[in-house]
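Okay, start.txt now, which holds compact mmCIF, C-alpha atoms:
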```
# COMPACT_ATOMS: atom_id res chain seq x y z
CA MET A 1 -91.20 -80.01 -71.99
CA THR A 2 -92.36 -83.33 -70.67
CA ARG A 3 -91.01 -86.39 -72.42
CA ASN A 4 -94.40 -88.08 -72.48
CA ILE A 5 -95.78 -85.91 -75.27
CA ASP A 6 -98.04 -88.66 -76.63
CA ASP A 7 -99.95 -88.66 -73.35
CA LEU A 8 -100.48 -84.89 -73.55
CA LEU A 9 -101.64 -85.05 -77.16
CA THR A 10 -104.36 -87.56 -76.39
CA ARG A 11 -105.82 -85.79 -73.36
CA ALA A 12 -109.27 -84.27 -73.79
CA VAL A 13 -110.13 -80.96 -72.10
CA PRO A 14 -112.60 -78.10 -72.66
CA ARG A 15 -111.92 -75.20 -75.03
CA TYR A 16 -112.75 -72.72 -72.25
CA THR A 17 -114.93 -70.35 -74.20
CA SER A 18 -116.76 -70.07 -70.88
CA TYR A 19 -116.18 -70.98 -67.26
CA PRO A 20 -117.82 -73.02 -65.94
CA THR A 21 -118.12 -74.87 -69.23
CA ALA A 22 -121.44 -75.91 -70.79
CA PRO A 23 -121.65 -79.41 -69.21
CA GLN A 24 -122.09 -77.68 -65.85
CA TRP A 25 -125.13 -75.66 -66.95
CA HIS A 26 -128.54 -76.91 -65.88
CA ALA A 27 -132.28 -76.43 -66.36
CA GLU A 28 -132.76 -74.92 -62.90
CA ILE A 29 -131.74 -71.59 -64.45
CA GLY A 30 -134.76 -70.80 -66.59
CA PRO A 31 -136.64 -67.98 -68.33
CA ASP A 32 -137.62 -66.24 -65.08
CA ASP A 33 -133.98 -66.04 -63.99
CA TYR A 34 -133.00 -64.73 -67.42
CA ARG A 35 -135.70 -62.07 -67.30
CA ASN A 36 -134.55 -60.93 -63.85
CA TRP A 37 -130.93 -60.82 -64.97
CA LEU A 38 -131.85 -58.71 -67.99
CA ALA A 39 -133.86 -56.27 -65.84
CA ALA A 40 -130.91 -55.85 -63.47
CA LEU A 41 -128.40 -54.79 -66.17
CA ASP A 42 -126.71 -51.39 -65.98
CA ALA A 43 -128.38 -49.47 -68.81
CA ASP A 44 -125.35 -47.20 -69.16
CA LYS A 45 -123.04 -50.04 -70.17
CA PRO A 46 -122.85 -51.41 -73.73
CA LEU A 47 -124.13 -54.75 -74.96
CA SER A 48 -122.92 -57.30 -77.44
CA LEU A 49 -125.54 -59.10 -79.53
CA TYR A 50 -125.20 -62.52 -81.13
CA LEU A 51 -127.79 -63.68 -83.68
CA HIS A 52 -127.79 -67.38 -84.54
CA VAL A 53 -129.06 -68.95 -87.76
CA PRO A 54 -129.05 -72.77 -87.51
CA TYR A 55 -129.45 -73.33 -91.27
CA CYS A 56 -127.03 -74.06 -94.09
CA GLN A 57 -127.63 -74.54 -97.81
CA LYS A 58 -124.97 -77.26 -97.93
CA ILE A 59 -123.80 -79.77 -95.33
CA CYS A 60 -120.12 -80.01 -94.35
CA TRP A 61 -119.28 -83.34 -92.79
CA TYR A 62 -116.69 -81.99 -90.35
CA CYS A 63 -119.16 -79.56 -88.74
CA GLY A 64 -120.04 -80.09 -85.09
CA CYS A 65 -122.45 -77.15 -84.87
CA ASN A 66 -126.14 -77.40 -84.17
CA MET A 67 -127.42 -76.77 -87.70
CA LYS A 68 -129.93 -78.02 -90.28
CA LEU A 69 -130.11 -78.16 -94.05
CA ALA A 70 -132.30 -75.33 -95.38
CA ALA A 71 -134.22 -77.58 -97.78
CA ARG A 72 -137.16 -75.14 -98.06
CA TYR A 73 -136.82 -71.39 -97.61
CA ALA A 74 -140.25 -71.26 -95.97
CA THR A 75 -138.68 -72.85 -92.88
CA VAL A 76 -135.98 -70.16 -92.78
CA ALA A 77 -138.60 -67.44 -93.29
CA ASP A 78 -140.57 -68.73 -90.29
CA TYR A 79 -137.38 -68.67 -88.25
CA VAL A 80 -136.84 -65.02 -89.19
CA GLU A 81 -140.33 -64.10 -87.97
CA THR A 82 -139.63 -65.73 -84.60
CA LEU A 83 -136.21 -64.07 -84.36
CA ILE A 84 -137.85 -60.67 -84.81
CA ARG A 85 -140.33 -61.47 -82.02
CA GLU A 86 -137.49 -62.56 -79.73
CA ILE A 87 -135.69 -59.25 -80.23
CA ASP A 88 -138.84 -57.49 -79.01
CA LEU A 89 -139.22 -59.78 -75.99
CA VAL A 90 -135.64 -59.32 -74.85
CA ALA A 91 -135.68 -55.56 -75.42
CA GLU A 92 -138.84 -55.28 -73.32
CA ALA A 93 -137.10 -57.09 -70.46
CA LEU A 94 -134.21 -54.61 -70.35
CA PRO A 95 -134.18 -51.66 -67.92
CA ASP A 96 -133.97 -49.15 -70.77
CA ARG A 97 -132.98 -48.76 -74.40
CA MET A 98 -129.32 -49.81 -74.54
CA ARG A 99 -126.43 -49.33 -76.94
CA VAL A 100 -124.62 -52.06 -78.86
CA SER A 101 -120.83 -52.09 -79.28
CA HIS A 102 -120.56 -55.47 -81.05
CA LEU A 103 -123.01 -57.44 -83.17
CA HIS A 104 -122.24 -60.85 -84.63
CA TRP A 105 -124.28 -63.12 -86.89
CA GLY A 106 -123.25 -66.77 -86.64
CA GLY A 107 -124.53 -70.21 -87.48
CA GLY A 108 -125.01 -72.34 -89.46
CA THR A 109 -124.83 -69.85 -92.28
CA PRO A 110 -126.45 -66.45 -91.63
CA THR A 111 -126.38 -65.67 -95.34
CA SER A 112 -128.86 -68.51 -95.82
CA LEU A 113 -131.37 -65.75 -95.14
CA SER A 114 -132.60 -63.77 -98.11
CA PRO A 115 -131.17 -60.24 -98.36
CA ASP A 116 -134.60 -58.80 -97.54
CA ASP A 117 -134.95 -60.95 -94.42
CA LEU A 118 -131.45 -60.05 -93.25
CA GLN A 119 -132.43 -56.39 -93.61
CA ARG A 120 -135.71 -56.95 -91.76
CA VAL A 121 -133.91 -58.41 -88.74
CA MET A 122 -131.29 -55.65 -88.73
CA THR A 123 -134.03 -53.04 -88.96
CA GLN A 124 -135.69 -54.64 -85.94
CA VAL A 125 -132.42 -54.62 -84.00
CA TRP A 126 -131.90 -50.90 -84.55
CA SER A 127 -135.52 -50.16 -83.74
CA ARG A 128 -134.90 -51.50 -80.20
CA PHE A 129 -131.19 -50.76 -79.63
CA ASP A 130 -128.76 -47.93 -80.34
CA GLN A 131 -125.57 -48.49 -82.30
CA ALA A 132 -122.52 -47.30 -80.38
CA PRO A 133 -119.96 -45.19 -82.29
CA GLY A 134 -117.37 -47.47 -83.88
CA ALA A 135 -119.47 -50.59 -83.28
CA GLU A 136 -118.27 -53.78 -84.95
CA LEU A 137 -120.93 -55.47 -87.09
CA ALA A 138 -119.78 -58.92 -88.19
CA ILE A 139 -121.35 -61.71 -90.21
CA GLU A 140 -120.29 -65.26 -91.03
CA SER A 141 -120.77 -66.51 -94.57
CA ASP A 142 -120.20 -69.40 -96.95
CA PRO A 143 -118.56 -68.31 -100.23
CA ARG A 144 -120.11 -71.31 -102.00
CA THR A 145 -123.59 -69.83 -101.62
CA LEU A 146 -122.91 -66.12 -101.13
CA THR A 147 -124.64 -64.10 -103.87
CA ASP A 148 -123.77 -60.68 -105.27
CA GLU A 149 -127.15 -59.43 -104.08
CA MET A 150 -126.40 -60.50 -100.52
CA ILE A 151 -122.94 -58.93 -100.65
CA ASP A 152 -124.45 -55.62 -101.76
CA ARG A 153 -127.02 -55.77 -98.95
CA ILE A 154 -124.35 -56.59 -96.35
CA GLY A 155 -122.50 -53.48 -97.41
CA ALA A 156 -125.65 -51.34 -97.40
CA LEU A 157 -126.50 -52.50 -93.88
CA GLY A 158 -123.18 -51.26 -92.53
CA PHE A 159 -121.42 -54.52 -91.75
CA ASN A 160 -117.69 -53.93 -91.36
CA ARG A 161 -116.36 -57.46 -90.75
CA ALA A 162 -117.02 -60.76 -92.53
CA SER A 163 -115.84 -64.29 -91.70
CA PHE A 164 -115.34 -67.25 -94.02
CA GLY A 165 -114.78 -70.89 -93.23
CA VAL A 166 -111.86 -71.61 -95.58
CA GLN A 167 -110.80 -74.72 -93.60
CA GLU A 168 -108.45 -76.23 -96.26
CA PHE A 169 -107.94 -75.62 -99.98
CA ASP A 170 -106.56 -79.03 -100.91
CA PRO A 171 -109.14 -80.73 -103.20
CA VAL A 172 -108.62 -84.19 -101.66
CA VAL A 173 -109.39 -82.86 -98.19
CA GLN A 174 -112.30 -80.80 -99.49
CA ALA A 175 -113.85 -83.89 -101.04
CA ALA A 176 -113.38 -85.84 -97.79
CA ILE A 177 -115.24 -83.19 -95.77
CA ASN A 178 -117.85 -82.38 -98.45
CA ARG A 179 -116.81 -78.74 -98.86
CA ILE A 180 -115.70 -78.02 -102.43
CA GLN A 181 -114.46 -74.45 -102.39
CA PRO A 182 -111.71 -73.39 -104.84
CA PRO A 183 -109.46 -70.44 -103.93
CA ASP A 184 -110.92 -68.32 -106.75
CA MET A 185 -114.36 -68.60 -105.16
CA VAL A 186 -113.09 -67.23 -101.85
CA ALA A 187 -111.02 -64.54 -103.59
CA TYR A 188 -114.08 -63.28 -105.48
CA ALA A 189 -116.16 -63.04 -102.30
CA VAL A 190 -113.38 -61.16 -100.49
CA GLU A 191 -112.90 -58.73 -103.37
CA ARG A 192 -116.62 -58.01 -103.65
CA LEU A 193 -117.08 -57.52 -99.89
CA ARG A 194 -114.21 -55.08 -99.70
CA ALA A 195 -115.68 -53.20 -102.65
CA VAL A 196 -118.91 -52.57 -100.72
CA GLY A 197 -117.10 -51.37 -97.58
CA VAL A 198 -116.60 -54.55 -95.54
CA ASP A 199 -112.95 -53.81 -94.85
CA ALA A 200 -112.16 -56.45 -92.20
CA ILE A 201 -111.99 -60.08 -93.34
CA ASN A 202 -111.59 -63.16 -91.13
CA PHE A 203 -110.70 -66.69 -92.25
CA ASP A 204 -111.21 -69.91 -90.29
CA LEU A 205 -108.77 -72.75 -90.93
CA ILE A 206 -108.84 -76.30 -89.58
CA TYR A 207 -106.00 -78.74 -89.02
CA GLY A 208 -106.39 -82.45 -88.30
CA LEU A 209 -108.80 -83.05 -91.21
CA PRO A 210 -108.93 -86.35 -93.12
CA HIS A 211 -105.97 -86.87 -95.49
CA GLN A 212 -104.54 -83.49 -94.48
CA THR A 213 -100.76 -83.07 -94.23
CA THR A 214 -98.46 -80.38 -92.90
CA GLU A 215 -97.54 -79.33 -96.43
CA MET A 216 -101.19 -79.00 -97.37
CA ILE A 217 -101.94 -76.61 -94.53
CA ARG A 218 -98.83 -74.56 -95.31
CA SER A 219 -99.97 -74.27 -98.92
CA THR A 220 -103.48 -73.28 -97.83
CA ILE A 221 -102.09 -70.55 -95.58
CA GLU A 222 -99.91 -69.17 -98.38
CA THR A 223 -103.00 -68.93 -100.58
CA CYS A 224 -104.92 -67.26 -97.77
CA LEU A 225 -102.15 -64.72 -97.22
CA SER A 226 -102.38 -63.63 -100.85
CA LEU A 227 -105.88 -62.36 -99.93
CA ALA A 228 -104.53 -60.42 -96.90
CA PRO A 229 -107.12 -61.37 -94.25
CA ASP A 230 -107.10 -59.25 -91.12
CA ARG A 231 -107.54 -62.25 -88.82
CA LEU A 232 -107.23 -66.00 -89.07
CA ALA A 233 -108.46 -68.60 -86.61
CA LEU A 234 -106.73 -71.98 -86.60
CA PHE A 235 -108.86 -74.71 -85.05
CA GLY A 236 -108.12 -78.37 -84.49
CA TYR A 237 -110.77 -80.63 -85.99
CA ALA A 238 -112.85 -82.09 -83.16
CA HIS A 239 -114.00 -85.57 -84.18
CA VAL A 240 -117.09 -86.10 -82.03
CA PRO A 241 -119.36 -88.41 -84.06
CA TRP A 242 -121.27 -89.32 -80.89
CA VAL A 243 -122.48 -85.66 -80.91
CA ALA A 244 -122.42 -84.71 -84.61
CA LYS A 245 -123.76 -87.68 -86.57
CA ARG A 246 -122.73 -86.17 -89.91
CA GLN A 247 -119.12 -86.72 -88.87
CA ARG A 248 -119.73 -90.47 -89.24
CA LYS A 249 -119.27 -89.90 -92.97
CA ILE A 250 -115.62 -89.05 -92.29
CA GLU A 251 -113.28 -92.02 -92.47
CA THR A 252 -111.63 -92.24 -89.06
CA ALA A 253 -108.60 -94.03 -90.51
CA ALA A 254 -107.92 -90.99 -92.72
CA LEU A 255 -107.55 -88.62 -89.76
CA PRO A 256 -104.01 -87.51 -88.88
CA GLY A 257 -102.54 -88.91 -85.68
CA ALA A 258 -101.85 -86.84 -82.58
CA ARG A 259 -98.23 -86.02 -83.48
CA GLU A 260 -99.20 -85.05 -87.04
CA ARG A 261 -101.92 -82.75 -85.65
CA LEU A 262 -99.32 -81.06 -83.49
CA ALA A 263 -96.96 -80.72 -86.46
CA GLN A 264 -99.73 -79.15 -88.54
CA ALA A 265 -100.67 -76.68 -85.79
CA THR A 266 -97.03 -75.74 -85.22
CA ALA A 267 -96.25 -75.30 -88.92
CA ALA A 268 -99.35 -73.15 -89.44
CA ALA A 269 -98.52 -70.89 -86.50
CA GLU A 270 -94.90 -70.51 -87.59
CA THR A 271 -95.94 -69.64 -91.16
CA LEU A 272 -98.42 -66.99 -90.02
CA CYS A 273 -96.07 -65.41 -87.49
CA ALA A 274 -93.26 -65.33 -90.07
CA GLN A 275 -95.55 -63.26 -92.30
CA GLY A 276 -96.11 -60.62 -89.62
CA TYR A 277 -99.29 -61.82 -87.96
CA THR A 278 -99.51 -61.61 -84.18
CA GLN A 279 -100.49 -64.82 -82.42
CA ILE A 280 -103.45 -64.25 -80.12
CA GLY A 281 -103.96 -66.90 -77.47
CA MET A 282 -103.84 -70.49 -78.65
CA ASP A 283 -105.49 -70.28 -82.07
CA HIS A 284 -106.03 -66.75 -83.42
CA PHE A 285 -103.72 -64.63 -85.57
CA ALA A 286 -104.19 -60.98 -86.49
CA LYS A 287 -102.45 -58.16 -88.29
CA PRO A 288 -100.66 -55.86 -85.82
CA ASP A 289 -103.13 -53.03 -86.48
CA ASP A 290 -106.23 -55.21 -86.04
CA ALA A 291 -108.40 -54.59 -82.98
CA LEU A 292 -107.58 -58.07 -81.69
CA SER A 293 -103.83 -57.40 -81.64
CA ILE A 294 -104.39 -54.00 -80.07
CA ALA A 295 -106.53 -55.54 -77.31
CA ALA A 296 -103.87 -58.16 -76.63
CA ALA A 297 -101.20 -55.46 -76.32
CA ARG A 298 -103.39 -53.40 -73.99
CA GLY A 299 -104.31 -56.35 -71.78
CA THR A 300 -108.03 -56.12 -72.59
CA LEU A 301 -108.33 -59.31 -74.66
CA ARG A 302 -111.33 -61.51 -73.79
CA ARG A 303 -112.49 -65.01 -74.67
CA ASN A 304 -116.09 -65.92 -75.44
CA PHE A 305 -118.15 -68.29 -77.59
CA GLN A 306 -116.77 -66.84 -80.82
CA GLY A 307 -113.17 -67.33 -79.61
CA TYR A 308 -110.89 -64.41 -78.77
CA THR A 309 -112.39 -60.95 -78.94
CA PRO A 310 -111.56 -57.30 -78.23
CA ASP A 311 -115.15 -56.83 -77.05
CA GLU A 312 -115.21 -55.34 -73.55
CA ALA A 313 -119.01 -55.21 -73.14
CA PRO A 314 -119.98 -56.90 -69.85
CA THR A 315 -123.08 -58.49 -71.37
CA LEU A 316 -123.55 -60.69 -74.42
CA ILE A 317 -127.15 -61.40 -75.42
CA GLY A 318 -127.91 -64.31 -77.71
CA PHE A 319 -130.87 -64.52 -80.08
CA GLY A 320 -132.04 -67.62 -81.90
CA ALA A 321 -132.19 -71.33 -81.15
CA THR A 322 -129.19 -72.66 -79.20
CA SER A 323 -127.64 -69.18 -78.79
CA ILE A 324 -125.69 -68.45 -75.61
CA GLY A 325 -125.62 -65.30 -73.55
CA ARG A 326 -123.31 -64.15 -70.81
CA LEU A 327 -124.54 -61.65 -68.26
CA PRO A 328 -122.86 -60.37 -65.09
CA HIS A 329 -125.00 -62.90 -63.17
CA GLY A 330 -124.13 -65.96 -65.27
CA TYR A 331 -124.81 -67.85 -68.49
CA VAL A 332 -128.03 -68.65 -70.32
CA GLN A 333 -128.63 -70.80 -73.37
CA ASN A 334 -131.69 -70.84 -75.59
CA ASN A 335 -133.38 -74.12 -76.35
CA PRO A 336 -131.31 -75.87 -79.06
CA GLU A 337 -134.41 -77.48 -80.57
CA THR A 338 -135.71 -74.97 -83.10
CA GLY A 339 -139.38 -75.92 -82.63
CA ALA A 340 -139.24 -75.64 -78.83
CA TRP A 341 -137.43 -72.29 -79.10
CA ALA A 342 -140.09 -70.96 -81.50
CA ARG A 343 -143.00 -72.18 -79.34
CA ALA A 344 -141.62 -70.37 -76.30
CA ILE A 345 -141.20 -67.10 -78.20
CA GLU A 346 -144.65 -67.38 -79.78
CA ALA A 347 -146.08 -67.82 -76.27
CA GLY A 348 -144.44 -64.59 -75.21
CA GLU A 349 -141.76 -66.31 -73.10
CA LEU A 350 -138.00 -66.08 -73.20
CA ALA A 351 -136.63 -69.27 -74.74
CA SER A 352 -133.74 -70.05 -72.40
CA SER A 353 -133.66 -73.72 -71.42
CA LYS A 354 -130.60 -73.91 -69.18
CA GLY A 355 -127.95 -71.74 -67.62
CA TYR A 356 -125.60 -71.21 -64.73
CA ALA A 357 -125.45 -68.62 -61.93
CA LEU A 358 -121.87 -67.62 -61.23
CA SER A 359 -120.56 -67.98 -57.68
CA PRO A 360 -117.68 -65.90 -56.29
CA ASP A 361 -115.39 -68.93 -56.73
CA ASP A 362 -116.48 -69.31 -60.36
CA ARG A 363 -115.55 -65.67 -61.03
CA LEU A 364 -112.15 -66.10 -59.38
CA TYR A 365 -111.14 -69.29 -61.15
CA GLY A 366 -112.75 -68.09 -64.38
CA ALA A 367 -110.53 -65.01 -64.33
CA VAL A 368 -107.43 -67.19 -63.90
CA ILE A 369 -108.48 -69.52 -66.73
CA GLU A 370 -109.27 -66.61 -69.07
CA ALA A 371 -105.87 -64.98 -68.34
CA ILE A 372 -104.05 -68.24 -69.09
CA MET A 373 -106.07 -68.82 -72.25
CA CYS A 374 -105.52 -65.25 -73.48
CA TYR A 375 -101.94 -64.57 -72.41
CA GLY A 376 -100.40 -67.86 -71.30
CA ARG A 377 -99.87 -66.49 -67.81
CA ALA A 378 -101.75 -65.26 -64.75
CA ASN A 379 -100.97 -63.19 -61.66
CA LEU A 380 -103.19 -64.79 -59.03
CA THR A 381 -102.50 -62.18 -56.36
CA ALA A 382 -103.73 -59.43 -58.68
CA ILE A 383 -106.79 -61.50 -59.59
CA ALA A 384 -107.52 -62.15 -55.91
CA ALA A 385 -107.28 -58.43 -55.14
CA ALA A 386 -109.63 -57.58 -58.04
CA HIS A 387 -112.19 -59.95 -56.50
CA ASP A 388 -111.69 -58.77 -52.88
CA GLN A 389 -109.94 -61.97 -51.87
CA PRO A 390 -106.83 -62.26 -49.66
CA ALA A 391 -103.43 -63.06 -51.12
CA SER A 392 -103.56 -66.40 -49.29
CA TRP A 393 -106.16 -67.55 -51.84
CA ALA A 394 -103.58 -67.19 -54.62
CA ARG A 395 -101.09 -69.42 -52.84
CA SER A 396 -103.74 -72.03 -52.06
CA ALA A 397 -105.12 -72.04 -55.62
CA LEU A 398 -101.67 -72.46 -57.14
CA ARG A 399 -100.76 -75.24 -54.74
CA ASP A 400 -103.96 -77.14 -55.57
CA ALA A 401 -103.59 -76.64 -59.32
CA GLU A 402 -99.95 -77.70 -59.43
CA ALA A 403 -100.96 -81.32 -58.87
CA TYR A 404 -102.92 -81.30 -62.14
CA ILE A 405 -100.35 -79.57 -64.37
CA PRO A 406 -98.27 -82.03 -66.44
CA ASP A 407 -94.54 -81.76 -65.86
CA GLY A 408 -92.71 -79.26 -68.00
CA LEU A 409 -95.65 -77.15 -69.16
CA ALA A 410 -95.63 -74.22 -66.74
CA VAL A 411 -93.48 -72.25 -64.33
CA ILE A 412 -94.94 -71.27 -60.96
CA ARG A 413 -93.16 -68.53 -59.06
CA ASP A 414 -94.61 -66.70 -56.08
CA SER A 415 -98.22 -65.97 -57.13
CA HIS A 416 -97.55 -66.16 -60.88
CA ILE A 417 -97.99 -68.98 -63.36
CA ALA A 418 -96.75 -68.89 -66.94
CA LEU A 419 -96.42 -71.36 -69.79
CA ARG A 420 -92.90 -72.52 -70.59
CA ASP A 421 -91.52 -71.74 -74.04
CA GLY A 422 -92.84 -74.32 -76.47
CA ALA A 423 -95.81 -75.26 -74.28
CA GLU A 424 -98.25 -72.91 -76.04
CA PRO A 425 -100.12 -75.73 -77.87
CA PHE A 426 -100.94 -77.24 -74.48
CA VAL A 427 -102.41 -74.11 -72.90
CA ARG A 428 -105.78 -75.82 -72.35
CA LEU A 429 -104.11 -78.45 -70.15
CA VAL A 430 -102.67 -75.72 -67.92
CA ALA A 431 -105.96 -73.84 -67.78
CA ALA A 432 -107.77 -77.07 -66.92
CA ALA A 433 -105.72 -77.39 -63.73
CA PHE A 434 -107.77 -74.51 -62.30
CA ASP A 435 -111.13 -75.94 -63.38
CA GLN A 436 -112.88 -76.76 -60.13
CA HIS A 437 -115.67 -78.61 -61.93
CA LEU A 438 -113.67 -80.70 -64.40
CA HIS A 439 -112.10 -83.15 -61.97
CA ARG A 440 -115.48 -84.41 -60.78
CA ALA A 441 -117.26 -84.30 -64.15
CA GLN A 442 -117.85 -87.05 -66.70
CA ALA A 443 -118.32 -84.88 -69.81
CA ARG A 444 -116.43 -85.79 -73.00
CA HIS A 445 -114.28 -83.09 -74.58
CA SER A 446 -112.10 -82.61 -77.66
CA LEU A 447 -108.36 -83.31 -77.82
CA ALA A 448 -106.12 -80.72 -76.20
CA VAL A 449 -104.25 -80.09 -79.51
```

Would you write out, as structure tokens, the structure that this file holds?
Amino acid sequence: MTRNIDDLLTRAVPRYTSYPTAPQWHAEIGPDDYRNWLAALDADKPLSLYLHVPYCQKICWYCGCNMKLAARYATVADYVETLIREIDLVAEALPDRMRVSHLHWGGGTPTSLSPDDLQRVMTQVWSRFDQAPGAELAIESDPRTLTDEMIDRIGALGFNRASFGVQEFDPVVQAAINRIQPPDMVAYAVERLRAVGVDAINFDLIYGLPHQTTEMIRSTIETCLSLAPDRLALFGYAHVPWVAKRQRKIETAALPGARERLAQATAAAETLCAQGYTQIGMDHFAKPDDALSIAAARGTLRRNFQGYTPDEAPTLIGFGATSIGRLPHGYVQNNPETGAWARAIEAGELASSKGYALSPDDRLYGAVIEAIMCYGRANLTAIAAAHDQPASWARSALRDAEAYIPDGLAVIRDSHIALRDGAEPFVRLVAAAFDQHLHRAQARHSLAV
């Protein structure tokens, strides 16, 4: 490991939930391109659907998502009507009725919808798509506002996975981020969801929060483990007040330093692995029998906008303002401004406002970056062969990337690259060495750890 660890800890690089990353997307890819890409899909292959709700009933100051306070339900109800119209528009653009292997509601807080409106949207989905056998239906929720009625409806609609943003249980930290959420509240929601058939439970945790210490995050994880979640995601708090203005309410002086962030991340990972969870990539942990662990063992693990996933569908379609889709041709993103998104849909147009058409080079380097992010290693000769490229490309790509890899983080041998033991927290720095767009870009990113 390099001696200059402080330099590594303060470097900012993308999270690589896509490649190329969002700063490279542009408005030249518009609704017509999206419509053509949808029409060209292979109707025999499954889809993943993502439905975005940009509303919350309470504001968390740490949040960097594109969301709004649901002050009046009438606004949310209008959003639901537009979402239903968008499902029709997208379905009409497809070559045929297609089947869905994964469906994910995210936000914001999807359970800000009323139970009846959630059911209306799901009914619309299944009126235009077929549910594949064994499909995963997942929904994010906030236990502070989750009602028994909504839990019952989630179960009745066939959801089989639910995610909670636990973040941190320490009351001092909760007060500093404006998310008061006692363990009993989360435990009740988990118990009730399992009782209605939602067997798979995910927790999100955050390190690097104001006033947070290593002991606090260890204690939070121990409490979480008593609830036996199937998966946990461990994210580093990204302090980007120039993007998320609500983060200006967080006292910068209360944030842990770079070395303390690393200590928190390391302690959390060690605690989870010691309790039998499998580490997946840089920030996910799963029980050995969870689909995520199985995908990692089989070599079919993927990375997308929700993090690591076992989803092998070649196409992800996003619905709702700011939602992102990935198609074989490239990426599309809906307009992030809710009003502009709604006006496009009401006019009978797809609401994509920017995107990116993948080039052969993007696919090559994207495959390398995804392999490194998922497994901490990549065989560039095998990747070249899979993309009909000569072995000489692998040698050239490794030679070029080596200049950008900090000393001590990776081993390069023949056409292989692999993280050194102990370098796992810095995986994004190694992946970034293969990013052909990053070195000429000016975008601001979050800290590497």

* **Between CA of Val430 (chain A) and CA of Glu402 (chain A), distance in Å (one decimal)** => 9.1 Å

With all atoms listed in the file counted and 12 Å as the cut-off, give the residues of region 255-295 of chain A in contact with region 13-24 of chain A, each with its shortest interatomic distance in Å and the pair that gives it, as JSON lines.
```
{"residue": "A:Gly281", "atom": "CA", "partner": "A:Arg15", "partner_atom": "CA", "distance": 11.8}
{"residue": "A:Met282", "atom": "CA", "partner": "A:Arg15", "partner_atom": "CA", "distance": 10.0}
{"residue": "A:Asp283", "atom": "CA", "partner": "A:Arg15", "partner_atom": "CA", "distance": 10.7}
```

* To do: Would you mind reading off the distance between CA of Gly30 (chain A) and CA of Val90 (chain A), one decimal, in Å?
  =>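 The value is 14.2 Å.
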
* Nearest to Leu9 (chain A): which of A:Glu215, A:Asp199, A:Glu168, A:Glu260 is it, counting only C-alpha atoms? -> A:Glu260

* **Point-to-point distance from CA of Ile405 (chain A) to CA of Asp362 (chain A), Å rounded to tenths** =>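 Answer for the CA of Ile405 (chain A) to CA of Asp362 (chain A) separation: 19.5 Å.
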
Could you write region 181-189 of chain A as a PDB file, in the frame of the given file, with N, CA, C and O atoms rebuilt where they are missing?
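Produced file out_24.pdb, reproduced below:
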```pdb
ATOM      1  N   GLN A 181    -114.550 -75.898-102.481  1.00  0.00           N
ATOM      2  CA  GLN A 181    -114.460 -74.450-102.390  1.00  0.00           C
ATOM      3  C   GLN A 181    -113.111 -73.982-102.945  1.00  0.00           C
ATOM      4  O   GLN A 181    -112.154 -73.814-102.204  1.00  0.00           O
ATOM      5  N   PRO A 182    -112.988 -73.787-104.242  1.00  0.00           N
ATOM      6  CA  PRO A 182    -111.710 -73.390-104.840  1.00  0.00           C
ATOM      7  C   PRO A 182    -111.262 -72.012-104.348  1.00  0.00           C
ATOM      8  O   PRO A 182    -112.092 -71.169-103.976  1.00  0.00           O
ATOM      9  N   PRO A 183    -109.967 -71.750-104.368  1.00  0.00           N
ATOM     10  CA  PRO A 183    -109.460 -70.440-103.930  1.00  0.00           C
ATOM     11  C   PRO A 183    -110.091 -69.275-104.681  1.00  0.00           C
ATOM     12  O   PRO A 183    -110.346 -68.224-104.081  1.00  0.00           O
ATOM     13  N   ASP A 184    -110.337 -69.425-105.983  1.00  0.00           N
ATOM     14  CA  ASP A 184    -110.920 -68.320-106.750  1.00  0.00           C
ATOM     15  C   ASP A 184    -112.294 -67.927-106.216  1.00  0.00           C
ATOM     16  O   ASP A 184    -112.672 -66.750-106.292  1.00  0.00           O
ATOM     17  N   MET A 185    -113.035 -68.880-105.714  1.00  0.00           N
ATOM     18  CA  MET A 185    -114.360 -68.600-105.160  1.00  0.00           C
ATOM     19  C   MET A 185    -114.251 -67.702-103.925  1.00  0.00           C
ATOM     20  O   MET A 185    -115.003 -66.731-103.753  1.00  0.00           O
ATOM     21  N   VAL A 186    -113.302 -68.029-103.057  1.00  0.00           N
ATOM     22  CA  VAL A 186    -113.090 -67.230-101.850  1.00  0.00           C
ATOM     23  C   VAL A 186    -112.546 -65.846-102.226  1.00  0.00           C
ATOM     24  O   VAL A 186    -112.983 -64.826-101.685  1.00  0.00           O
ATOM     25  N   ALA A 187    -111.614 -65.813-103.173  1.00  0.00           N
ATOM     26  CA  ALA A 187    -111.020 -64.540-103.590  1.00  0.00           C
ATOM     27  C   ALA A 187    -112.086 -63.593-104.140  1.00  0.00           C
ATOM     28  O   ALA A 187    -112.068 -62.384-103.861  1.00  0.00           O
ATOM     29  N   TYR A 188    -113.017 -64.126-104.910  1.00  0.00           N
ATOM     30  CA  TYR A 188    -114.080 -63.280-105.480  1.00  0.00           C
ATOM     31  C   TYR A 188    -114.943 -62.691-104.367  1.00  0.00           C
ATOM     32  O   TYR A 188    -115.274 -61.491-104.386  1.00  0.00           O
ATOM     33  N   ALA A 189    -115.321 -63.520-103.391  1.00  0.00           N
ATOM     34  CA  ALA A 189    -116.160 -63.040-102.300  1.00  0.00           C
ATOM     35  C   ALA A 189    -115.448 -61.951-101.501  1.00  0.00           C
ATOM     36  O   ALA A 189    -116.053 -60.933-101.125  1.00  0.00           O
TER      37      ALA A 189
END
```
